[in-house]
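Notes for the one structure printed next.
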Amino acid sequence: MAFRIIAPSRVKKAKPEGSREVLRRLEEYLEHNCDEPVEILCGFWKDQQDAITYQELRQAVKDGEIDRETIRLWMQDYSVLVSGMLYKVWSGAAAAGPSGQPVLDGLGFEFNLQTPGMMDWISKRGAEFVTHVTQQQKDAVAALVAKKMRDSHTVDELSRLIRPCVGLTVKDAKATARLYDSVAAKLKQDHPRMKPESIRKKALDAAQKYAERKHRQRAMVIARTETAFAYNRGADEGIRQAQAAGYLGELKKRWCTSGDDAVCDVCASLDGTEVGMDDNFDFGGRLLFEGYRLLPPAHPNCGCGVEYIEVPPAAGR
């Protein structure tokens, strides 16, 4: 008789049916509601790239930093993005959140999105998002105009390389610059008679295509993460409204993950953890905003959810 041995890392932990259903509904919502934000974000970054002039880019390279007026305009752009697109994404996800909780199935409960608490959360999340992504954009450009980069590239090279990197993180902007250098060096080695202008153009073309892929990847991470933030926040608000209306009694919340190999160590350690409604889950990292540890996601692209479970009354009550 032959036995098939499964590696421990591939064995999934058995999950309660309610937790599996919470995750299924969350993933289904994310699967059907992230494509539009991705396209809008990619178009938004392209518009920002086109808006900054070559003269402004050259000046940034010479100064070693992006000017304050450009940063102010970027922050203004992101504010418009939030009011014109992300507000709709957050509102829609928050409204859908309660329908992801099996404990509310069949209760006839109607969720009110327009409560001060929910509207205040969306407003604060928008302000935090604008500040954070503007700073990321500033830092990415700063990495490209740092002294080390200026010493190894011409002003024209860096000016042209910055444009496709507008909208990327520091990590991806640096990776784009490394690709440019790698392609240029390979062309110079393999084609010693190729004109320097042709080498730079081919290297820039490769860098631009790479940056486009990174923009799309980043847009998907932002879309999924921000949608998950609002979906889980809406679920929590809906549960609390149902409690206040007498549909539900005392509750606790349970962290749920898919349990597969894609789950990070942080979320794997939280899987199945149960805490009170007003208690934080125990995970580290930088505090992104007030109430961050009350609910998933724990990090960008986190696919975890929370199951709300009724607590049986104590004996004699």
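Going through the structure tokens in order, the chains are called A, B, and so on, while each chain numbers its residues from 1 and the ligands are numbered from 1 in the order shown.
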
| said: Env of segment 13-28 of chain A: 9 Å cut, atoms = only C-alpha atoms, seq-sep filter 2 positions within chain, self excluded. Answer as a PyMOL selection string. | reply: chain A and resi 11+30-33+97+99-103+228+231-232+254-260+272+303-309

| Residue nearest Ala143 of chain A among A:Ala219, A:Ala184, A:Met118, A:Val61 (counting only C-alpha atoms) | A:Val61

Closest atom pairs, residues of segment 52-78 of chain A within 8 Å of segment 153-172 of chain A, only C-alpha atoms, as JSON lines:
{"residue": "A:Ile52", "atom": "CA", "partner": "A:Arg163", "partner_atom": "CA", "distance": 7.8}
{"residue": "A:Tyr54", "atom": "CA", "partner": "A:Ser159", "partner_atom": "CA", "distance": 6.8}
{"residue": "A:Leu57", "atom": "CA", "partner": "A:Ser159", "partner_atom": "CA", "distance": 5.1}
{"residue": "A:Arg58", "atom": "CA", "partner": "A:Ser159", "partner_atom": "CA", "distance": 5.3}
{"residue": "A:Val61", "atom": "CA", "partner": "A:Val155", "partner_atom": "CA", "distance": 6.3}
{"residue": "A:Lys62", "atom": "CA", "partner": "A:Val155", "partner_atom": "CA", "distance": 7.2}

Once you have the residues from the selection above, write them out as a tab-separated table (two decimals), in the first residue's frame, restricted to C-alpha atoms.
chain	number	residue	atom	x	y	z
A	52	ILE	CA	4.94	67.87	-15.27
A	54	TYR	CA	10.56	68.68	-19.00
A	57	LEU	CA	12.07	67.78	-14.30
A	58	ARG	CA	15.45	69.23	-15.30
A	61	VAL	CA	17.50	67.08	-11.09
A	62	LYS	CA	19.69	70.18	-10.80

| request: If you run DSSP over the backbone, which residues in segment 77-292 of chain A end up helix (DSSP H, G or I)? Put them as a PyMOL selection string. | output: chain A and resi 77-100+102-104+116-144+147-152+155-165+170-190+196-244+265-270+292

| task | Could you jot down the atom CA of Phe281 of chain A to atom CA of Gly106 of chain A separation for me, Å, one decimal place? | result | 28.7 Å
